[in-house]
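Below is run_3.cif, holding mmCIF, C-alpha atoms and all ligand atoms.
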```
data_my_file
loop_
_atom_site.group_PDB
_atom_site.id
_atom_site.type_symbol
_atom_site.label_atom_id
_atom_site.label_comp_id
_atom_site.auth_asym_id
_atom_site.auth_seq_id
_atom_site.Cartn_x
_atom_site.Cartn_y
_atom_site.Cartn_z
ATOM 1 C CA MET A 259 -19.224 -67.304 -4.991
ATOM 2 C CA PRO A 260 -19.283 -65.384 -1.672
ATOM 3 C CA PHE A 261 -21.566 -62.375 -1.630
ATOM 4 C CA GLU A 262 -19.782 -59.058 -2.041
ATOM 5 C CA LEU A 263 -21.077 -55.523 -1.744
ATOM 6 C CA GLU A 264 -19.065 -53.003 -3.782
ATOM 7 C CA ILE A 265 -18.419 -49.528 -2.360
ATOM 8 C CA ASP A 266 -20.512 -47.753 -5.011
ATOM 9 C CA GLU A 267 -23.416 -50.176 -4.427
ATOM 10 C CA PHE A 268 -23.087 -49.641 -0.690
ATOM 11 C CA GLU A 269 -23.276 -45.888 -1.261
ATOM 12 C CA ARG A 270 -26.345 -46.062 -3.484
ATOM 13 C CA LEU A 271 -28.138 -48.311 -1.049
ATOM 14 C CA THR A 272 -27.258 -46.378 2.111
ATOM 15 C CA ASP A 273 -28.276 -43.178 0.343
ATOM 16 C CA LEU A 274 -31.769 -44.617 -0.217
ATOM 17 C CA ILE A 275 -31.884 -45.694 3.431
ATOM 18 C CA TYR A 276 -30.788 -42.235 4.565
ATOM 19 C CA ARG A 277 -33.501 -40.547 2.510
ATOM 20 C CA LYS A 278 -36.135 -42.867 3.944
ATOM 21 C CA ALA A 279 -35.114 -43.119 7.591
ATOM 22 C CA GLY A 280 -32.472 -40.452 8.274
ATOM 23 C CA ILE A 281 -30.056 -43.174 9.361
ATOM 24 C CA ARG A 282 -26.539 -42.812 7.994
ATOM 25 C CA PHE A 283 -24.371 -45.939 7.775
ATOM 26 C CA GLU A 284 -20.633 -45.350 7.600
ATOM 27 C CA GLN A 285 -18.421 -47.422 5.334
ATOM 28 C CA LYS A 286 -17.099 -49.461 8.254
ATOM 29 C CA LYS A 287 -20.619 -50.946 8.438
ATOM 30 C CA ILE A 288 -20.301 -52.483 4.960
ATOM 31 C CA TYR A 289 -20.116 -56.102 6.217
ATOM 32 C CA TYR A 290 -23.004 -55.575 8.607
ATOM 33 C CA ILE A 291 -25.128 -54.271 5.719
ATOM 34 C CA ALA A 292 -23.907 -56.934 3.256
ATOM 35 C CA LYS A 293 -24.960 -59.794 5.553
ATOM 36 C CA ARG A 294 -28.497 -58.497 5.938
ATOM 37 C CA LEU A 295 -28.757 -57.402 2.321
ATOM 38 C CA GLU A 296 -27.891 -60.888 1.090
ATOM 39 C CA LYS A 297 -30.885 -62.282 2.999
ATOM 40 C CA ARG A 298 -33.253 -59.628 1.693
ATOM 41 C CA MET A 299 -32.066 -60.192 -1.910
ATOM 42 C CA ALA A 300 -32.708 -63.937 -1.585
ATOM 43 C CA GLU A 301 -36.166 -63.187 -0.168
ATOM 44 C CA VAL A 302 -37.245 -60.962 -3.087
ATOM 45 C CA GLY A 303 -35.302 -62.917 -5.737
ATOM 46 C CA SER A 304 -32.878 -60.167 -6.798
ATOM 47 C CA GLU A 305 -29.786 -61.622 -8.444
ATOM 48 C CA THR A 306 -27.572 -58.551 -8.159
ATOM 49 C CA VAL A 307 -27.354 -55.638 -5.765
ATOM 50 C CA MET A 308 -28.301 -53.273 -8.588
ATOM 51 C CA ASP A 309 -31.435 -55.371 -9.254
ATOM 52 C CA TYR A 310 -32.353 -55.030 -5.604
ATOM 53 C CA ILE A 311 -31.732 -51.258 -5.597
ATOM 54 C CA ARG A 312 -33.883 -50.930 -8.746
ATOM 55 C CA HIS A 313 -36.588 -52.942 -6.993
ATOM 56 C CA LEU A 314 -36.503 -50.566 -4.009
ATOM 57 C CA LYS A 315 -36.597 -47.526 -6.274
ATOM 58 C CA PHE A 316 -39.148 -48.479 -8.879
ATOM 59 C CA THR A 317 -41.211 -51.555 -8.055
ATOM 60 C CA ASP A 318 -41.501 -51.425 -4.264
ATOM 61 C CA ARG A 319 -44.469 -49.061 -4.546
ATOM 62 C CA ASP A 320 -45.994 -49.643 -1.113
ATOM 63 C CA GLY A 321 -42.562 -49.475 0.548
ATOM 64 C CA ARG A 322 -42.917 -53.024 1.951
ATOM 65 C CA GLU A 323 -39.432 -54.112 1.002
ATOM 66 C CA MET A 324 -37.816 -50.901 2.247
ATOM 67 C CA GLN A 325 -39.549 -51.533 5.576
ATOM 68 C CA GLU A 326 -38.292 -55.147 5.645
ATOM 69 C CA LEU A 327 -34.785 -53.910 4.944
ATOM 70 C CA LEU A 328 -35.030 -51.301 7.727
ATOM 71 C CA ASN A 329 -36.390 -53.915 10.138
ATOM 72 C CA SER A 330 -33.348 -56.056 9.486
ATOM 73 C CA LEU A 331 -30.868 -53.175 9.848
ATOM 74 C CA THR A 332 -32.011 -51.347 12.966
ATOM 75 C CA ILE A 333 -30.141 -52.046 16.152
ATOM 76 C CA ASN A 334 -32.629 -52.872 18.877
ATOM 77 C CA GLU A 335 -30.386 -53.369 21.909
ATOM 78 C CA THR A 336 -32.288 -52.416 25.075
ATOM 79 C CA TYR A 337 -33.202 -53.682 28.567
ATOM 80 C CA PHE A 338 -35.317 -52.723 31.574
ATOM 81 C CA PHE A 339 -33.952 -49.930 33.781
ATOM 82 C CA ARG A 340 -31.187 -49.110 31.288
ATOM 83 C CA ASP A 341 -29.051 -46.192 32.500
ATOM 84 C CA PHE A 342 -30.194 -46.399 36.088
ATOM 85 C CA ASN A 343 -28.687 -43.015 37.142
ATOM 86 C CA GLN A 344 -30.596 -41.166 34.482
ATOM 87 C CA LEU A 345 -33.840 -42.923 35.427
ATOM 88 C CA GLN A 346 -33.176 -42.093 39.068
ATOM 89 C CA ALA A 347 -32.865 -38.403 38.136
ATOM 90 C CA PHE A 348 -36.159 -38.713 36.256
ATOM 91 C CA ALA A 349 -37.890 -40.533 39.116
ATOM 92 C CA GLU A 350 -36.617 -38.479 42.040
ATOM 93 C CA ASP A 351 -36.264 -35.027 40.517
ATOM 94 C CA SER A 352 -37.992 -34.272 37.211
ATOM 95 C CA LEU A 353 -41.097 -36.401 37.683
ATOM 96 C CA ASP A 354 -41.684 -35.005 41.144
ATOM 97 C CA THR A 355 -41.275 -31.400 39.894
ATOM 98 C CA VAL A 356 -43.742 -31.848 37.036
ATOM 99 C CA VAL A 357 -46.275 -33.802 39.105
ATOM 100 C CA THR A 358 -46.205 -31.183 41.888
ATOM 101 C CA GLN A 359 -46.591 -28.274 39.442
ATOM 102 C CA LYS A 360 -49.394 -29.922 37.512
ATOM 103 C CA ALA A 361 -51.296 -31.037 40.596
ATOM 104 C CA ALA A 362 -51.129 -27.460 41.950
ATOM 105 C CA ARG A 363 -52.821 -26.293 38.724
ATOM 106 C CA GLY A 364 -55.418 -29.048 38.986
ATOM 107 C CA ASP A 365 -54.026 -30.683 35.834
ATOM 108 C CA ARG A 366 -53.828 -34.435 36.457
ATOM 109 C CA CYS A 367 -52.870 -35.549 32.997
ATOM 110 C CA LEU A 368 -49.355 -36.890 32.328
ATOM 111 C CA ARG A 369 -48.052 -37.725 28.859
ATOM 112 C CA ILE A 370 -44.722 -39.400 28.170
ATOM 113 C CA TRP A 371 -43.177 -40.311 24.823
ATOM 114 C CA SER A 372 -40.676 -43.144 24.519
ATOM 115 C CA SER A 373 -39.323 -42.406 21.043
ATOM 116 C CA GLY A 374 -37.318 -45.302 19.563
ATOM 117 C CA CYS A 375 -38.761 -47.705 22.140
ATOM 118 C CA SER A 376 -37.448 -50.916 20.557
ATOM 119 C CA SER A 377 -38.956 -54.044 22.171
ATOM 120 C CA GLY A 378 -40.727 -52.082 24.926
ATOM 121 C CA GLU A 379 -38.397 -52.358 27.912
ATOM 122 C CA GLU A 380 -38.018 -48.555 28.152
ATOM 123 C CA PRO A 381 -41.730 -47.553 28.133
ATOM 124 C CA TYR A 382 -42.631 -50.406 30.516
ATOM 125 C CA THR A 383 -39.806 -49.297 32.837
ATOM 126 C CA LEU A 384 -41.312 -45.801 32.814
ATOM 127 C CA GLY A 385 -44.713 -47.289 33.656
ATOM 128 C CA ILE A 386 -43.227 -49.091 36.659
ATOM 129 C CA ILE A 387 -41.485 -45.905 37.833
ATOM 130 C CA LEU A 388 -44.744 -43.927 37.631
ATOM 131 C CA GLN A 389 -46.567 -46.601 39.646
ATOM 132 C CA GLU A 390 -43.863 -46.463 42.295
ATOM 133 C CA MET A 391 -43.357 -42.698 42.490
ATOM 134 C CA ILE A 392 -46.818 -41.162 42.146
ATOM 135 C CA ASP A 393 -48.709 -41.855 45.369
ATOM 136 C CA ASP A 394 -52.134 -40.984 44.014
ATOM 137 C CA ILE A 395 -51.578 -42.411 40.529
ATOM 138 C CA LYS A 396 -55.173 -43.614 40.367
ATOM 139 C CA ARG A 397 -56.241 -39.969 40.241
ATOM 140 C CA TRP A 398 -54.017 -39.297 37.220
ATOM 141 C CA GLU A 399 -54.702 -39.834 33.575
ATOM 142 C CA VAL A 400 -51.419 -41.286 32.323
ATOM 143 C CA GLU A 401 -50.417 -42.045 28.747
ATOM 144 C CA ILE A 402 -47.078 -43.458 27.660
ATOM 145 C CA VAL A 403 -46.754 -43.313 23.889
ATOM 146 C CA ALA A 404 -44.022 -45.611 22.583
ATOM 147 C CA THR A 405 -42.906 -45.411 18.950
ATOM 148 C CA ASP A 406 -40.401 -47.159 16.696
ATOM 149 C CA ILE A 407 -39.627 -47.598 13.008
ATOM 150 C CA ASP A 408 -39.225 -51.376 13.291
ATOM 151 C CA GLU A 409 -42.577 -53.163 12.960
ATOM 152 C CA VAL A 410 -41.232 -56.549 14.008
ATOM 153 C CA ILE A 411 -39.824 -55.180 17.242
ATOM 154 C CA LEU A 412 -43.101 -53.340 17.958
ATOM 155 C CA ASP A 413 -45.003 -56.635 17.781
ATOM 156 C CA LYS A 414 -42.621 -58.044 20.354
ATOM 157 C CA ALA A 415 -43.069 -54.937 22.514
ATOM 158 C CA ARG A 416 -46.865 -55.266 22.468
ATOM 159 C CA LYS A 417 -46.595 -58.859 23.728
ATOM 160 C CA GLY A 418 -44.515 -57.760 26.736
ATOM 161 C CA ILE A 419 -42.756 -61.120 27.234
ATOM 162 C CA TYR A 420 -39.028 -61.124 27.994
ATOM 163 C CA MET A 421 -36.059 -63.355 28.649
ATOM 164 C CA SER A 422 -34.030 -63.052 31.845
ATOM 165 C CA ARG A 423 -31.334 -60.987 30.055
ATOM 166 C CA SER A 424 -33.823 -58.112 29.604
ATOM 167 C CA VAL A 425 -34.810 -57.983 33.256
ATOM 168 C CA LYS A 426 -31.328 -58.362 34.789
ATOM 169 C CA ASP A 427 -31.368 -54.765 36.153
ATOM 170 C CA VAL A 428 -34.924 -54.802 37.470
ATOM 171 C CA PRO A 429 -34.885 -54.432 41.272
ATOM 172 C CA LYS A 430 -36.015 -57.721 42.877
ATOM 173 C CA GLU A 431 -39.124 -56.295 44.508
ATOM 174 C CA TYR A 432 -40.302 -54.794 41.184
ATOM 175 C CA LEU A 433 -39.691 -58.093 39.429
ATOM 176 C CA ALA A 434 -42.018 -59.791 41.896
ATOM 177 C CA GLN A 435 -44.596 -57.027 41.723
ATOM 178 C CA TYR A 436 -44.805 -56.153 38.037
ATOM 179 C CA PHE A 437 -43.924 -59.397 36.230
ATOM 180 C CA THR A 438 -45.329 -62.902 36.113
ATOM 181 C CA ARG A 439 -42.851 -65.707 35.508
ATOM 182 C CA SER A 440 -43.894 -68.515 33.234
ATOM 183 C CA SER A 441 -41.777 -71.203 31.507
ATOM 184 C CA GLY A 442 -38.608 -69.178 32.056
ATOM 185 C CA PHE A 443 -40.071 -66.001 30.545
ATOM 186 C CA TYR A 444 -41.070 -62.779 32.289
ATOM 187 C CA HIS A 445 -44.507 -61.393 31.359
ATOM 188 C CA VAL A 446 -45.160 -57.720 32.085
ATOM 189 C CA ASN A 447 -48.346 -57.429 34.154
ATOM 190 C CA GLN A 448 -51.471 -56.086 32.501
ATOM 191 C CA LYS A 449 -51.586 -53.007 34.758
ATOM 192 C CA ILE A 450 -48.275 -51.787 33.256
ATOM 193 C CA LYS A 451 -49.156 -52.897 29.711
ATOM 194 C CA ASP A 452 -52.350 -50.848 29.875
ATOM 195 C CA MET A 453 -50.308 -47.686 30.479
ATOM 196 C CA VAL A 454 -48.439 -47.953 27.165
ATOM 197 C CA ARG A 455 -49.607 -47.422 23.580
ATOM 198 C CA PHE A 456 -47.273 -48.587 20.801
ATOM 199 C CA ASP A 457 -47.258 -46.800 17.407
ATOM 200 C CA TYR A 458 -45.215 -47.204 14.268
ATOM 201 C CA LEU A 459 -43.326 -43.947 13.613
ATOM 202 C CA ASN A 460 -40.425 -43.113 11.352
ATOM 203 C CA LEU A 461 -38.750 -40.105 12.986
ATOM 204 C CA ASN A 462 -37.707 -38.978 9.534
ATOM 205 C CA ASP A 463 -41.309 -38.718 8.347
ATOM 206 C CA ARG A 464 -41.910 -35.052 9.103
ATOM 207 C CA ALA A 465 -45.625 -35.031 8.268
ATOM 208 C CA VAL A 466 -46.438 -37.790 10.776
ATOM 209 C CA LEU A 467 -43.908 -36.574 13.358
ATOM 210 C CA ARG A 468 -45.789 -33.258 13.592
ATOM 211 C CA LYS A 469 -48.769 -35.073 15.120
ATOM 212 C CA TYR A 470 -46.729 -36.085 18.187
ATOM 213 C CA ARG A 471 -46.920 -33.192 20.631
ATOM 214 C CA GLY A 472 -48.154 -32.173 24.064
ATOM 215 C CA PHE A 473 -45.737 -34.218 26.201
ATOM 216 C CA ASP A 474 -44.415 -33.711 29.727
ATOM 217 C CA PHE A 475 -41.442 -36.023 29.145
ATOM 218 C CA ILE A 476 -39.708 -37.258 26.023
ATOM 219 C CA PHE A 477 -37.241 -40.149 26.118
ATOM 220 C CA CYS A 478 -35.189 -40.708 22.977
ATOM 221 C CA ARG A 479 -32.251 -42.696 24.249
ATOM 222 C CA ASN A 480 -29.677 -44.418 22.055
ATOM 223 C CA VAL A 481 -31.599 -43.646 18.857
ATOM 224 C CA LEU A 482 -30.123 -40.423 17.461
ATOM 225 C CA ILE A 483 -26.615 -41.902 17.482
ATOM 226 C CA TYR A 484 -27.542 -43.452 14.115
ATOM 227 C CA PHE A 485 -28.613 -40.080 12.680
ATOM 228 C CA ASP A 486 -26.453 -37.495 10.955
ATOM 229 C CA ASP A 487 -26.292 -33.904 12.313
ATOM 230 C CA VAL A 488 -29.046 -32.533 10.071
ATOM 231 C CA SER A 489 -31.644 -35.202 10.860
ATOM 232 C CA ARG A 490 -30.664 -35.227 14.522
ATOM 233 C CA ARG A 491 -31.220 -31.464 14.817
ATOM 234 C CA ARG A 492 -34.538 -31.674 12.985
ATOM 235 C CA VAL A 493 -35.819 -34.355 15.353
ATOM 236 C CA VAL A 494 -34.589 -32.610 18.518
ATOM 237 C CA ASP A 495 -36.119 -29.288 17.328
ATOM 238 C CA HIS A 496 -39.380 -31.165 17.011
ATOM 239 C CA TYR A 497 -39.003 -32.557 20.542
ATOM 240 C CA TYR A 498 -38.576 -29.007 21.834
ATOM 241 C CA MET A 499 -41.806 -27.996 20.165
ATOM 242 C CA ALA A 500 -43.579 -31.176 21.315
ATOM 243 C CA LEU A 501 -42.774 -30.608 25.017
ATOM 244 C CA HIS A 502 -44.988 -28.590 27.361
ATOM 245 C CA GLU A 503 -43.271 -25.626 29.082
ATOM 246 C CA GLY A 504 -41.334 -27.164 31.979
ATOM 247 C CA GLY A 505 -41.270 -30.592 30.279
ATOM 248 C CA TYR A 506 -38.098 -32.708 30.283
ATOM 249 C CA ILE A 507 -36.091 -34.445 27.557
ATOM 250 C CA PHE A 508 -33.902 -37.507 28.140
ATOM 251 C CA LEU A 509 -31.458 -38.492 25.411
ATOM 252 C CA GLY A 510 -28.803 -41.207 25.723
ATOM 253 C CA SER A 511 -26.165 -40.460 28.337
ATOM 254 C CA ALA A 512 -23.569 -39.603 25.649
ATOM 255 C CA GLU A 513 -25.936 -37.186 23.870
ATOM 256 C CA SER A 514 -26.427 -33.614 25.064
ATOM 257 C CA PRO A 515 -29.719 -31.910 24.088
ATOM 258 C CA THR A 516 -28.275 -28.394 24.584
ATOM 259 C CA ARG A 517 -25.505 -29.136 22.111
ATOM 260 C CA ILE A 518 -28.164 -29.945 19.522
ATOM 261 C CA ASN A 519 -30.681 -27.256 20.511
ATOM 262 C CA PRO A 520 -29.384 -24.539 22.894
ATOM 263 C CA ALA A 521 -32.928 -23.537 23.867
ATOM 264 C CA PHE A 522 -33.104 -26.445 26.353
ATOM 265 C CA LYS A 523 -32.258 -25.520 29.935
ATOM 266 C CA LEU A 524 -29.892 -27.521 32.085
ATOM 267 C CA LYS A 525 -30.370 -28.515 35.711
ATOM 268 C CA LYS A 526 -28.011 -30.467 37.997
ATOM 269 C CA THR A 527 -29.634 -33.115 40.155
ATOM 270 C CA ALA A 528 -27.850 -35.133 42.875
ATOM 271 C CA ASN A 529 -26.022 -37.362 40.394
ATOM 272 C CA HIS A 530 -27.109 -36.337 36.911
ATOM 273 C CA MET A 531 -27.784 -33.475 34.470
ATOM 274 C CA VAL A 532 -31.348 -33.088 33.279
ATOM 275 C CA TYR A 533 -32.629 -30.942 30.438
ATOM 276 C CA TYR A 534 -35.981 -29.190 30.231
ATOM 277 C CA LYS A 535 -37.939 -26.577 28.285
HETATM 278 C C1 LIG B 601 -30.783 -49.096 20.472
HETATM 279 S S1 LIG B 601 -32.545 -48.995 20.383
HETATM 280 C C2 LIG B 601 -32.876 -47.953 21.785
HETATM 281 C C3 LIG B 601 -33.984 -48.492 22.651
HETATM 282 C C4 LIG B 601 -34.245 -47.695 23.932
HETATM 283 N N1 LIG B 601 -34.583 -46.334 23.654
HETATM 284 C C5 LIG B 601 -33.059 -47.771 24.851
HETATM 285 O O1 LIG B 601 -32.330 -46.782 25.008
HETATM 286 O O2 LIG B 601 -32.827 -48.825 25.443
HETATM 287 C C6 LIG B 601 -32.755 -47.886 18.994
HETATM 288 C C7 LIG B 601 -34.151 -47.945 18.389
HETATM 289 O O3 LIG B 601 -34.314 -46.828 17.514
HETATM 290 C C8 LIG B 601 -35.126 -47.213 16.434
HETATM 291 N N2 LIG B 601 -34.945 -46.297 15.299
HETATM 292 C C9 LIG B 601 -33.846 -46.162 14.519
HETATM 293 N N3 LIG B 601 -34.082 -45.264 13.546
HETATM 294 C C10 LIG B 601 -35.361 -44.816 13.716
HETATM 295 C C11 LIG B 601 -36.184 -43.893 13.021
HETATM 296 N N4 LIG B 601 -35.749 -43.245 11.915
HETATM 297 N N5 LIG B 601 -37.437 -43.681 13.466
HETATM 298 C C12 LIG B 601 -37.881 -44.325 14.576
HETATM 299 N N6 LIG B 601 -37.166 -45.230 15.271
HETATM 300 C C13 LIG B 601 -35.899 -45.461 14.843
HETATM 301 C C14 LIG B 601 -34.634 -48.639 16.150
HETATM 302 O O4 LIG B 601 -35.587 -49.392 15.425
HETATM 303 C C15 LIG B 601 -34.372 -49.188 17.539
HETATM 304 O O5 LIG B 601 -35.454 -49.950 18.027
#
```
Let me see whether you can do it: turn the structure in this file into structure tokens.
Ligand SMILES: C[S@@+](CC[C@H](N)C(=O)[O-])C[C@H]1O[C@@H](n2cnc3c(N)ncnc32)[C@H](O)[C@@H]1O
Amino acid sequence: MPFELEIDEFERLTDLIYRKAGIRFEQKKIYYIAKRLEKRMAEVGSETVMDYIRHLKFTDRDGREMQELLNSLTINETYFFRDFNQLQAFAEDSLDTVVTQKAARGDRCLRIWSSGCSSGEEPYTLGIILQEMIDDIKRWEVEIVATDIDEVILDKARKGIYMSRSVKDVPKEYLAQYFTRSSGFYHVNQKIKDMVRFDYLNLNDRAVLRKYRGFDFIFCRNVLIYFDDVSRRRVVDHYYMALHEGGYIFLGSAESPTRINPAFKLKKTANHMVYYK
């Protein structure tokens, strides 16, 4: 018999997911969920959806299975130099402003958070941009903290090995300079890998989230689209608190930080809007 997920089962399950991760799945996603759920049920040996939900609620004490389920449901689409215009605004405007201000104060420490980093293309892109844009980068202490809820994707990110699809938007000269090609794969060079630290972080885990603060730039692009208004506001309020005065936030191009938290200030650059504290 083909596997079917009833509406009330879908609601119970997505409610558990929402409480754990803050991600809200709408009913139109029922087939997407059903396909992945069927695999997870086979893996743990649950015969019915209700058995599986009971397992998540009562016997999955260390949260292993909930994590496996989340790993299979998160959408990890990403690539190097995604949203080029926004990155150009970062590289040519915001980064320069912050670097100039900090250097004038004798503060040569730069901290960037790539929140919802997926397989690592975004934080490594930021590493490349810093190498290119900061003339005296050797005199700076730079840390790029990259976090995600999906442990499987974080393992991939730490390896830093990509297929050609991921690097399609990397300018040719950067591809030659920051990657090594081997057996058809692109390996991110060690110099860039050393700039990035990958951590597991569930943005809905408020206690752990609180520890992430003291950043000059926060990137959280194409992540909050899966959140409902309440969780989205909570996370963006945290980002405000976690930024230094004068620090910048970059959300996905369809997401406006000021609409979520009006305290952010807006600045027009040559071809983009940027938001800062
Ligand atoms: C579409 S990718 C975005 C990757 C990258 N920021 C970009 O724009 O190319 C979304 C990422 O958000 C992560 N994510 C979703 N919900 C999360 C949560 N509650 N906490 C942390 N990461 C989450 C997913 O695992 C996924 O890797």
Show me a table, sorted first by chain and then by increasing residue number, of the residues of segment 272-386 of chain A having an atom at most 9 Å from segment 448-461 of chain A, each with its shortest atom pair and the distance in Å to one decimal, counting only C-alpha atoms and written as CSV.
```
residue,atom,partner,partner_atom,distance
A:Lys278,CA,A:Asn460,CA,8.6
A:Ala279,CA,A:Asn460,CA,6.5
A:Gly280,CA,A:Leu461,CA,7.9
A:Ser373,CA,A:Leu461,CA,8.4
A:Gly374,CA,A:Leu461,CA,8.5
A:Cys375,CA,A:Phe456,CA,8.7
A:Gly378,CA,A:Phe456,CA,8.5
A:Pro381,CA,A:Val454,CA,6.8
A:Tyr382,CA,A:Ile450,CA,6.4
A:Thr383,CA,A:Ile450,CA,8.8
A:Gly385,CA,A:Ile450,CA,5.8
A:Ile386,CA,A:Ile450,CA,6.7
```
Residues within 9 Å of ligand LIG 601 (chain B) (all atoms listed in the file), as a ChimeraX atom specification?
/A:276,278-281,328-329,331-341,372-381,405-409,411-412,458-463,477-485,509-510
Between atom CA of Val400 of chain A and atom CA of Tyr497 of chain A, distance in Å (one decimal):
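Separation of atom CA of Val400 of chain A and atom CA of Tyr497 of chain A: 19.2 Å.
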Contacts of segment 437-442 of chain A at 10 Å or less, counting all atoms listed in the file, minus same-chain residues fewer than 3 places along, as a list in words?
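Once the nearby chain positions are removed, what remains is Gly418, Ile419, Tyr420, Met421, Ser422, Val425, Tyr432, Leu433, Ala434, His445, Val446, Asn447, Gln448 and Ile450 of chain A.
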Quick one: pull the distance between atom CA of Ala362 of chain A and atom CA of Trp398 of chain A, Å, one decimal.
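Distance between the two atoms: 13.1 Å.
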Which residue is closest to Leu295 of chain A? Choose from A:Asp393, A:Glu399, A:Glu326, A:Glu431 and count all atoms listed in the file.
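Smallest separation from Leu295 of chain A among the options: A:Glu326.
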